[in-house]
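Next comes target_28.csv, a file with CSV, C-alpha atoms.
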```csv
chain,number,residue,atom,x,y,z
S,478,MET,CA,-5.3,12.3,28.6
S,479,ALA,CA,-7.3,15.2,27.5
S,480,ALA,CA,-7.2,16.2,23.9
S,481,GLN,CA,-5.0,19.2,23.2
S,482,ALA,CA,-5.3,21.7,20.3
S,483,GLY,CA,-2.7,20.9,17.7
S,484,LEU,CA,-0.5,23.3,15.8
S,485,ARG,CA,-1.6,24.3,12.3
S,486,GLY,CA,0.5,24.0,9.2
S,487,PRO,CA,3.7,22.1,8.3
S,488,ALA,CA,6.7,22.6,10.6
S,489,SER,CA,10.4,21.6,10.3
S,490,ALA,CA,10.9,17.9,10.2
S,491,PRO,CA,12.5,16.5,13.4
S,492,ALA,CA,15.9,14.8,13.1
S,493,ARG,CA,15.9,11.1,12.6
S,494,ARG,CA,15.5,9.5,16.0
S,495,GLY,CA,18.0,6.6,15.6
S,496,PRO,CA,18.1,3.2,14.0
S,497,VAL,CA,15.0,1.0,13.8
S,498,SER,CA,14.7,-2.1,15.8
S,499,GLY,CA,12.9,-5.4,15.6
S,500,ARG,CA,10.4,-6.6,13.0
S,501,LEU,CA,6.8,-5.7,13.2
S,502,TYR,CA,5.6,-8.2,10.7
S,503,SER,CA,7.0,-11.6,9.7
S,504,GLY,CA,5.0,-11.8,6.6
S,505,SER,CA,2.3,-10.1,4.6
S,506,MET,CA,-0.5,-11.0,6.9
S,507,PRO,CA,-1.3,-8.8,10.0
S,508,THR,CA,-2.1,-10.4,13.3
S,509,ALA,CA,-5.8,-10.7,13.7
S,510,PRO,CA,-7.6,-8.5,16.3
S,511,PRO,CA,-7.6,-10.3,19.6
S,512,ASP,CA,-11.4,-10.7,19.5
S,513,LEU,CA,-12.1,-11.2,15.8
S,514,PRO,CA,-15.9,-10.7,15.3
S,515,ALA,CA,-17.7,-13.6,13.6
S,516,ILE,CA,-18.3,-13.1,9.9
S,517,GLU,CA,-22.1,-13.2,10.5
S,518,GLU,CA,-21.7,-10.1,12.7
S,519,LEU,CA,-19.7,-8.3,10.1
S,520,VAL,CA,-22.1,-9.1,7.3
S,521,ALA,CA,-25.1,-8.0,9.4
S,522,GLY,CA,-23.7,-4.5,9.7
S,523,ALA,CA,-22.2,-4.2,6.2
S,524,HIS,CA,-23.2,-1.6,3.6
S,525,VAL,CA,-21.6,-1.4,0.2
S,526,VAL,CA,-21.6,2.0,-1.5
S,527,SER,CA,-20.4,3.5,-4.8
S,528,LEU,CA,-19.6,7.2,-4.5
S,529,PRO,CA,-19.1,9.5,-7.5
S,530,MET,CA,-15.8,11.4,-7.8
S,531,ARG,CA,-15.5,15.1,-8.9
S,532,VAL,CA,-12.4,14.3,-10.9
S,533,LYS,CA,-10.7,11.2,-12.0
S,534,PHE,CA,-8.4,9.9,-9.3
S,535,ARG,CA,-6.3,6.7,-9.6
S,536,GLY,CA,-8.0,6.2,-12.9
S,537,ILE,CA,-11.5,5.9,-11.4
S,538,MET,CA,-14.6,8.1,-11.3
S,539,GLU,CA,-16.5,6.1,-8.7
S,540,ARG,CA,-15.1,4.8,-5.4
S,541,GLU,CA,-16.6,1.6,-3.9
S,542,SER,CA,-16.4,0.9,-0.2
S,543,LEU,CA,-17.8,-1.6,2.3
S,544,LEU,CA,-18.7,0.0,5.6
S,545,LEU,CA,-19.0,-2.0,8.8
S,546,ARG,CA,-21.0,-1.0,11.8
S,547,GLY,CA,-19.6,-2.2,15.1
S,548,PRO,CA,-20.2,-1.6,18.8
S,549,ALA,CA,-17.5,1.1,18.9
S,550,GLY,CA,-18.6,2.9,15.7
S,551,TRP,CA,-18.1,2.6,12.0
S,552,GLY,CA,-15.2,1.0,10.1
S,553,GLU,CA,-14.3,1.1,6.4
S,554,PHE,CA,-13.1,-1.8,4.3
S,555,CYS,CA,-12.1,-0.5,0.9
S,556,PRO,CA,-9.0,-2.1,-0.6
S,557,PHE,CA,-8.9,-1.4,-4.3
S,558,PRO,CA,-10.3,-4.2,-6.4
S,559,GLU,CA,-6.9,-5.2,-7.9
S,560,TYR,CA,-5.5,-5.9,-4.4
S,561,GLY,CA,-5.1,-9.6,-3.4
S,562,ASP,CA,-6.9,-11.0,-0.3
S,563,ALA,CA,-3.7,-11.2,1.8
S,564,GLU,CA,-3.0,-7.5,1.3
S,565,ALA,CA,-6.7,-6.7,1.8
S,566,SER,CA,-6.6,-8.5,5.2
S,567,ARG,CA,-4.7,-5.5,6.6
S,568,TRP,CA,-7.6,-3.2,5.5
S,569,LEU,CA,-10.1,-5.5,7.2
S,570,ALA,CA,-8.0,-5.6,10.4
S,571,ALA,CA,-8.1,-1.8,10.4
S,572,ALA,CA,-11.8,-1.6,9.8
S,573,ILE,CA,-12.4,-4.0,12.7
S,574,GLU,CA,-10.2,-1.9,15.0
S,575,SER,CA,-12.3,1.2,14.1
S,576,GLY,CA,-15.7,-0.5,14.6
S,577,TRP,CA,-14.9,-2.8,17.5
S,578,ALA,CA,-11.9,-1.5,19.5
S,579,GLY,CA,-12.0,2.2,18.9
S,580,PHE,CA,-9.0,4.5,18.8
S,581,PRO,CA,-6.1,5.4,21.1
S,582,GLU,CA,-6.2,8.5,23.3
S,583,PRO,CA,-5.5,11.7,21.2
S,584,LEU,CA,-2.7,14.1,21.9
S,585,ARG,CA,-4.2,16.9,19.7
S,586,ALA,CA,-7.6,17.9,18.5
S,587,VAL,CA,-6.8,19.8,15.4
S,588,ILE,CA,-5.1,18.1,12.4
S,589,PRO,CA,-3.6,20.3,9.6
S,590,VAL,CA,-4.3,18.8,6.2
S,591,ASN,CA,-3.1,19.4,2.6
S,592,ALA,CA,-5.2,19.9,-0.5
S,593,THR,CA,-4.8,17.2,-3.2
S,594,VAL,CA,-4.5,18.0,-6.9
S,595,PRO,CA,-5.0,15.0,-9.2
S,596,ALA,CA,-3.2,14.7,-12.5
S,597,VAL,CA,-5.5,17.3,-14.1
S,598,ALA,CA,-4.7,19.8,-16.8
S,599,ALA,CA,-3.1,23.0,-15.5
S,600,GLU,CA,-6.2,25.1,-16.3
S,601,ARG,CA,-8.3,23.0,-13.9
S,602,VAL,CA,-6.0,23.5,-10.9
S,603,PRO,CA,-7.8,26.6,-9.6
S,604,GLU,CA,-11.1,24.7,-9.8
S,605,VAL,CA,-9.7,21.8,-7.8
S,606,LEU,CA,-8.1,24.0,-5.2
S,607,ALA,CA,-11.3,26.0,-4.7
S,608,ARG,CA,-12.9,22.9,-3.1
S,609,PHE,CA,-10.4,22.9,-0.3
S,610,GLY,CA,-10.7,26.5,0.9
S,611,ARG,CA,-7.6,28.0,2.5
S,612,VAL,CA,-4.7,25.6,2.7
S,613,ASP,CA,-1.1,25.7,3.7
S,614,ALA,CA,0.1,22.6,1.9
S,615,VAL,CA,-0.8,20.9,-1.4
S,616,LYS,CA,0.0,17.4,-2.7
S,617,VAL,CA,0.2,17.3,-6.5
S,618,LYS,CA,0.0,14.0,-8.5
S,619,VAL,CA,2.7,13.6,-11.1
S,620,ALA,CA,4.1,10.9,-13.4
S,621,GLU,CA,0.6,10.0,-14.6
S,622,ARG,CA,0.6,7.4,-17.4
S,623,GLY,CA,0.1,9.1,-20.8
S,624,GLN,CA,1.3,12.5,-19.6
S,625,THR,CA,4.6,14.2,-19.8
S,626,LEU,CA,7.0,16.1,-17.6
S,627,ASP,CA,5.8,19.3,-19.3
S,628,ASP,CA,2.3,18.4,-18.0
S,629,ASP,CA,3.6,18.0,-14.5
S,630,ALA,CA,5.6,21.2,-14.6
S,631,ALA,CA,2.6,23.2,-15.9
S,632,ARG,CA,0.4,21.7,-13.1
S,633,LEU,CA,2.9,22.6,-10.4
S,634,ALA,CA,3.3,26.1,-11.8
S,635,ALA,CA,-0.4,26.6,-11.7
S,636,VAL,CA,-0.5,25.5,-8.0
S,637,ARG,CA,2.4,27.8,-7.2
S,638,SER,CA,0.7,30.7,-9.0
S,639,ALA,CA,-2.5,30.1,-7.0
S,640,LEU,CA,-0.8,29.6,-3.7
S,641,PRO,CA,2.6,31.4,-3.6
S,642,ASP,CA,3.3,30.6,0.1
S,643,ALA,CA,2.0,27.0,0.3
S,644,ALA,CA,4.2,24.0,0.9
S,645,ILE,CA,4.1,21.8,-2.2
S,646,ARG,CA,4.8,18.1,-2.3
S,647,VAL,CA,4.5,15.8,-5.3
S,648,ASP,CA,3.4,12.1,-5.5
S,649,ALA,CA,4.6,10.0,-8.4
S,650,ASN,CA,3.1,6.7,-7.1
S,651,GLY,CA,6.3,4.9,-8.3
S,652,GLY,CA,5.7,6.1,-11.8
S,653,TRP,CA,9.3,7.0,-12.8
S,654,ASP,CA,12.5,5.1,-13.1
S,655,VAL,CA,15.6,6.4,-11.4
S,656,PRO,CA,17.1,8.6,-14.2
S,657,THR,CA,13.7,10.0,-15.0
S,658,ALA,CA,12.9,10.7,-11.3
S,659,VAL,CA,16.2,12.6,-10.9
S,660,GLU,CA,15.7,14.6,-14.1
S,661,ALA,CA,12.0,15.4,-13.1
S,662,LEU,CA,12.7,16.4,-9.5
S,663,THR,CA,15.7,18.5,-10.5
S,664,ARG,CA,13.4,20.4,-12.9
S,665,LEU,CA,10.3,20.5,-10.6
S,666,ALA,CA,12.4,21.7,-7.6
S,667,GLY,CA,12.2,25.1,-9.1
S,668,VAL,CA,8.7,25.7,-7.7
S,669,GLY,CA,10.0,24.8,-4.2
S,670,LEU,CA,9.2,21.2,-3.2
S,671,GLU,CA,8.7,20.1,0.4
S,672,TYR,CA,9.3,16.4,-0.6
S,673,ALA,CA,8.7,13.9,-3.4
S,674,GLU,CA,6.5,10.9,-2.5
S,675,GLN,CA,7.5,7.5,-3.9
S,676,PRO,CA,9.2,8.8,-7.1
S,677,VAL,CA,10.3,5.2,-8.1
S,678,PRO,CA,8.7,1.8,-7.2
S,679,THR,CA,11.5,0.0,-5.3
S,680,ILE,CA,13.4,0.7,-2.1
S,681,GLU,CA,16.7,0.4,-3.9
S,682,GLY,CA,15.6,2.9,-6.4
S,683,LEU,CA,14.5,5.3,-3.7
S,684,ALA,CA,17.9,5.1,-2.1
S,685,GLU,CA,19.5,5.9,-5.5
S,686,VAL,CA,17.3,8.9,-6.1
S,687,ARG,CA,17.9,10.2,-2.6
S,688,ARG,CA,21.7,9.9,-3.1
S,689,ALA,CA,21.6,11.5,-6.5
S,690,LEU,CA,19.6,14.5,-5.3
S,691,GLN,CA,21.9,15.0,-2.3
S,692,LEU,CA,25.0,14.8,-4.4
S,693,ALA,CA,23.6,17.4,-6.8
S,694,GLY,CA,22.5,19.7,-4.0
S,695,THR,CA,18.8,19.4,-5.1
S,696,PRO,CA,16.7,20.4,-2.0
S,697,VAL,CA,14.0,17.8,-2.3
S,698,LEU,CA,13.4,15.2,0.4
S,699,VAL,CA,12.3,11.7,-0.5
S,700,ALA,CA,9.2,10.1,1.1
S,701,ALA,CA,8.3,6.5,1.0
S,702,ASP,CA,4.6,5.4,0.7
S,703,GLU,CA,4.1,2.2,-1.3
S,704,SER,CA,7.6,1.0,0.0
S,705,VAL,CA,6.1,1.1,3.5
S,706,ARG,CA,2.5,0.0,3.1
S,707,LYS,CA,2.9,-2.6,0.4
S,708,GLU,CA,6.0,-4.3,1.9
S,709,SER,CA,5.8,-7.4,4.1
S,710,ASP,CA,8.3,-5.6,6.3
S,711,PRO,CA,7.3,-2.0,6.5
S,712,LEU,CA,10.5,-1.1,8.3
S,713,LYS,CA,12.8,-2.2,5.4
S,714,VAL,CA,12.8,1.3,3.8
S,715,ALA,CA,14.0,2.9,7.0
S,716,ARG,CA,16.8,0.3,7.5
S,717,ALA,CA,18.0,0.9,4.0
S,718,GLY,CA,18.3,4.6,4.5
S,719,ALA,CA,16.2,5.0,1.4
S,720,ALA,CA,13.9,7.8,2.6
S,721,ASP,CA,13.9,11.0,4.6
S,722,LEU,CA,10.3,10.5,5.8
S,723,ILE,CA,7.6,7.9,5.6
S,724,VAL,CA,3.9,8.2,4.6
S,725,VAL,CA,1.6,6.1,6.8
S,726,LYS,CA,-2.0,5.1,6.0
S,727,VAL,CA,-4.2,3.4,8.6
S,728,ALA,CA,-6.0,0.8,6.4
S,729,PRO,CA,-3.0,-0.6,4.4
S,730,LEU,CA,-1.0,-0.9,7.6
S,731,GLY,CA,-3.6,-2.8,9.5
S,732,GLY,CA,-4.9,-0.2,11.9
S,733,VAL,CA,-4.0,2.9,14.0
S,734,ARG,CA,-2.1,1.0,16.6
S,735,ARG,CA,0.0,-0.9,14.1
S,736,ALA,CA,0.8,2.3,12.3
S,737,LEU,CA,1.9,3.9,15.5
S,738,ASP,CA,4.2,1.0,16.1
S,739,ILE,CA,5.7,1.3,12.6
S,740,VAL,CA,6.4,5.0,13.0
S,741,ALA,CA,8.0,4.5,16.5
S,742,GLN,CA,10.3,1.8,15.1
S,743,ALA,CA,11.2,3.5,11.8
S,744,GLY,CA,12.7,6.5,13.6
S,745,LEU,CA,11.7,8.8,10.7
S,746,PRO,CA,9.3,11.7,10.5
S,747,ALA,CA,5.8,10.6,9.3
S,748,VAL,CA,3.1,12.0,7.2
S,749,VAL,CA,-0.4,10.6,7.7
S,750,SER,CA,-2.4,10.1,4.6
S,751,SER,CA,-5.6,8.4,3.3
S,752,ALA,CA,-6.4,5.8,0.7
S,753,LEU,CA,-9.3,7.7,-1.0
S,754,ASP,CA,-11.6,7.0,2.0
S,755,THR,CA,-15.0,8.2,2.9
S,756,SER,CA,-15.3,10.2,6.2
S,757,VAL,CA,-15.4,6.9,8.0
S,758,GLY,CA,-11.9,6.0,6.9
S,759,ILE,CA,-10.7,9.6,7.3
S,760,ARG,CA,-11.8,9.4,11.0
S,761,ALA,CA,-9.3,6.6,11.5
S,762,GLY,CA,-6.6,8.6,9.8
S,763,LEU,CA,-7.3,11.5,12.0
S,764,ALA,CA,-7.0,9.2,15.0
S,765,LEU,CA,-3.6,8.2,13.9
S,766,ALA,CA,-2.5,11.8,13.3
S,767,ALA,CA,-4.0,12.8,16.7
S,768,ALA,CA,-2.0,10.1,18.5
S,769,LEU,CA,1.4,10.5,17.0
S,770,PRO,CA,4.0,12.1,19.4
S,771,GLU,CA,5.1,14.4,16.6
S,772,LEU,CA,3.2,15.7,13.6
S,773,PRO,CA,5.7,17.8,11.5
S,774,TYR,CA,3.8,17.8,8.2
S,775,ALA,CA,0.3,18.6,7.1
S,776,CYS,CA,-1.7,15.3,6.6
S,777,GLY,CA,-3.1,13.9,3.4
S,778,LEU,CA,-6.6,13.6,4.9
S,779,GLY,CA,-8.5,16.1,2.9
S,780,THR,CA,-9.6,13.8,0.1
S,781,VAL,CA,-13.3,13.8,0.9
S,782,SER,CA,-13.4,17.0,-1.0
S,783,LEU,CA,-12.7,14.9,-4.2
S,784,PHE,CA,-16.1,13.2,-3.8
S,785,GLU,CA,-19.4,14.4,-5.1
S,786,SER,CA,-21.0,13.1,-1.9
S,787,ASP,CA,-20.1,11.2,1.2
S,788,VAL,CA,-21.7,8.6,3.6
S,789,THR,CA,-22.4,11.2,6.3
S,790,THR,CA,-24.3,14.4,6.4
S,791,ASP,CA,-21.4,16.1,8.2
S,792,PRO,CA,-18.3,15.1,6.2
S,793,LEU,CA,-14.8,15.4,7.6
S,794,VAL,CA,-13.5,18.1,5.3
S,795,ALA,CA,-11.0,20.8,6.0
S,796,ASP,CA,-11.9,24.2,7.4
S,797,ASP,CA,-9.2,26.8,7.1
S,798,GLY,CA,-6.6,24.2,6.4
S,799,ALA,CA,-7.4,21.8,9.2
S,800,ILE,CA,-9.9,19.2,10.4
S,801,ARG,CA,-11.0,19.1,14.0
S,802,LEU,CA,-11.1,15.6,15.5
S,803,ARG,CA,-14.6,14.3,16.0
S,804,ASP,CA,-16.6,11.1,15.4
S,805,VAL,CA,-18.8,10.4,12.4
S,806,SER,CA,-21.7,8.2,11.7
S,807,ALA,CA,-22.9,6.9,8.3
S,808,ASP,CA,-26.3,8.2,7.4
S,809,ALA,CA,-29.0,5.7,6.5
S,810,GLY,CA,-30.4,7.8,3.7
S,811,LEU,CA,-27.0,8.3,2.0
S,812,LEU,CA,-26.1,4.6,2.4
S,813,GLU,CA,-29.3,3.8,0.5
S,814,GLN,CA,-28.9,6.6,-2.1
S,815,TYR,CA,-25.4,5.4,-3.0
S,816,ALA,CA,-25.8,1.7,-2.4
S,817,ALA,CA,-23.9,-0.3,-4.9
S,818,SER,CA,-25.6,-2.7,-7.4
S,819,ARG,CA,-26.6,-6.1,-6.1
S,820,GLU,CA,-23.8,-7.6,-8.3
S,821,ARG,CA,-21.1,-5.3,-6.7
S,822,ARG,CA,-22.5,-5.9,-3.2
S,823,ASP,CA,-22.3,-9.6,-3.7
S,824,TRP,CA,-18.7,-9.2,-5.0
S,825,TRP,CA,-17.7,-7.2,-1.9
S,826,LEU,CA,-19.4,-9.6,0.6
S,827,ALA,CA,-17.7,-12.6,-1.0
S,828,ARG,CA,-14.4,-10.7,-0.7
S,829,LEU,CA,-15.2,-9.9,3.0
S,830,ARG,CA,-15.8,-13.6,3.7
S,831,ARG,CA,-12.5,-14.7,2.0
S,832,VAL,CA,-10.4,-12.0,3.8
S,833,HIS,CA,-12.1,-12.7,7.2
S,834,SER,CA,-11.2,-16.4,6.8
S,835,LEU,CA,-7.5,-15.4,6.3
S,836,LEU,CA,-7.6,-13.3,9.5
S,837,GLN,CA,-9.0,-16.3,11.3
S,838,VAL,CA,-5.8,-18.1,10.6
S,839,THR,CA,-3.9,-15.7,12.8
S,840,SER,CA,-6.5,-15.4,15.5
S,841,GLY,CA,-6.4,-17.1,18.9
```
Would you mind giving the structure from this file in structure tokens?
Amino acid sequence: MAAQAGLRGPASAPARRGPVSGRLYSGSMPTAPPDLPAIEELVAGAHVVSLPMRVKFRGIMERESLLLRGPAGWGEFCPFPEYGDAEASRWLAAAIESGWAGFPEPLRAVIPVNATVPAVAAERVPEVLARFGRVDAVKVKVAERGQTLDDDAARLAAVRSALPDAAIRVDANGGWDVPTAVEALTRLAGVGLEYAEQPVPTIEGLAEVRRALQLAGTPVLVAADESVRKESDPLKVARAGAADLIVVKVAPLGGVRRALDIVAQAGLPAVVSSALDTSVGIRAGLALAAALPELPYACGLGTVSLFESDVTTDPLVADDGAIRLRDVSADAGLLEQYAASRERRDWWLARLRRVHSLLQVTSG
């Protein structure tokens, strides 16, 4: 099917498409790719980089990633260091899909994306937004440890002042408990919120927050992120009626095709987002967004703008609020310039070997 130009900007969310069915996973391990490459092949095409960030994000100022070169292109393996090997195995399955299998046929060629504002002081908001150019949607981090609701409110007010007509969504990364989430979202709703992403850590808590907001008439939808990608059963949140929409990320879910299956079975609108990836990982996120039957919301795939540099000379960054679908290749000079230390390279290669051995358990 030929690629078709996609619509720009967020649209109204479609109605829920009915109950979910089946179980995609029976445990925390994904099914291995049908033709799992040998570990020697992966190591031969592996590059470990450490990229400086423009602002602190998830508590880090440098993002480490292991890039893999396969016959179909580049893949990215970058689970955060604190993630265990079983969880990281999904990320490796996704990287292998990218580099060895390629992506499904796209339905659209232009992907609308949101700007991302980390938990910075309100006075830094214009500086952060300036890196994204014109945007129609903004995701704002809230509930940062060591900050207050006043800090969150000031940050959101600064975003609304800079972008009076933009759709604004907040992401708490599960940082609130239920009473705090209800209080915070009731207050923050005043700026006009499109939705709140993972306000509390548990599925049961999400359901409570969603009910409380509905009963109070607070017009804020609830989105599930961690409750999809970090659960052994990513459909549990949909079965529980705990969210109005789901956030899907290629790497934590085990690849583009698995993510498409999850969205199809969940029966909820989906937002495609990234995991602080280089352009190699963003390419996989764009493939998912391009292949979804419906794309009602701007995607969280503009995070390359948070890096000082990238691994390609032609980064996948937004132009006028969208990214056009295209392939990327890692640049040899940038891979060398931002190569991680020998100690960190050894750490990542050891991790790669362990996680590959876990995938071998499910192969064949």
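Between atom CA of S:Lys618 and atom CA of S:Lys713 the interatomic distance comes to 24.9 Å.
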Report task. For the point (-28.1, 7.3, -3.1) in the file's frame, write as a PyMOL selection string all residues with an atom no more than 12 Å away, counting all atoms listed in the file. Result -> chain S and resi 525-529+785-789+808-818
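Near S:Ala658, within 8 Å and counting all atoms listed in the file, sit Pro676, Val677 and Val686 of chain S; same-chain residues fewer than 6 positions away were not included.
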Would you put the residues from that selection into a file with C-alpha atoms, as a PDB file, keeping the file's coordinate frame?
```
ATOM      1  CA  PRO S 676       9.200   8.800  -7.100  1.00  0.00           C
ATOM      2  CA  VAL S 677      10.300   5.200  -8.100  1.00  0.00           C
ATOM      3  CA  VAL S 686      17.300   8.900  -6.100  1.00  0.00           C
TER       4      VAL S 686
END
```
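When atom CA of S:Gln675 is paired with atom CA of S:Ala701, their separation reads 5.1 Å.
Computed from the coordinates, the atom CA of S:Leu712 to atom CA of S:Gly669 distance equals 28.8 Å.
Distances from S:Thr625, S:Ser750, S:Thr593, S:Gln691 to S:Gly610 were compared using all atoms listed in the file, and the smallest one belongs to S:Thr593.
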Report summary line: In terms of only C-alpha atoms, the residue from S:Ala563, S:Ala761, S:Ile516, S:Ala521 at minimal distance from S:Ala578 is S:Ala761
Report summary line: If you count all atoms listed in the file, the residue of S:Ala764, S:Val655, S:Ala643, S:Ala599 closest to S:Ala631 turns out to be S:Ala599
Report task. Pick out the closest residue to S:Ala661 from this set: S:Val727, S:Gly777, S:Val697, S:Gly718. Count all atoms listed in the file. Result -> S:Val697
Query raised in the report: From the list S:Arg801, S:Arg535, S:Arg637, S:Arg622, which residue is nearest S:Pro589 when using all atoms listed in the file?
Result: S:Arg801
Requested in this report: Just give me the residues with any atom within 12 Å of (0.0, 26.1, 3.5), file coordinates, counting only C-alpha atoms, written as an NGL selection string.
Outcome: :S and (485-488 or 589-592 or 609-616 or 636-637 or 639-646 or 671 or 774-776 or 797-799)
Requested in this report: Determine the nearest neighbour of S:Arg803 from the options S:Pro514, S:Gly732, S:Arg687, S:Pro583, counting only C-alpha atoms.
Outcome: S:Pro583
Requested in this report: Excluding S:Ala736 and any residue of its chain fewer than 2 positions from it, enumerate the residues within 8 Å of it, using all atoms listed in the file, and give them as a PyMOL selection string.
Outcome: chain S and resi 725-727+730-734+738-740+765
Based on the selection just made, write C-alpha atoms of those residues as a PDB file, in the frame of the given file.
```
ATOM      1  CA  VAL S 725       1.600   6.100   6.800  1.00  0.00           C
ATOM      2  CA  LYS S 726      -2.000   5.100   6.000  1.00  0.00           C
ATOM      3  CA  VAL S 727      -4.200   3.400   8.600  1.00  0.00           C
ATOM      4  CA  LEU S 730      -1.000  -0.900   7.600  1.00  0.00           C
ATOM      5  CA  GLY S 731      -3.600  -2.800   9.500  1.00  0.00           C
ATOM      6  CA  GLY S 732      -4.900  -0.200  11.900  1.00  0.00           C
ATOM      7  CA  VAL S 733      -4.000   2.900  14.000  1.00  0.00           C
ATOM      8  CA  ARG S 734      -2.100   1.000  16.600  1.00  0.00           C
ATOM      9  CA  ASP S 738       4.200   1.000  16.100  1.00  0.00           C
ATOM     10  CA  ILE S 739       5.700   1.300  12.600  1.00  0.00           C
ATOM     11  CA  VAL S 740       6.400   5.000  13.000  1.00  0.00           C
ATOM     12  CA  LEU S 765      -3.600   8.200  13.900  1.00  0.00           C
TER      13      LEU S 765
END
```
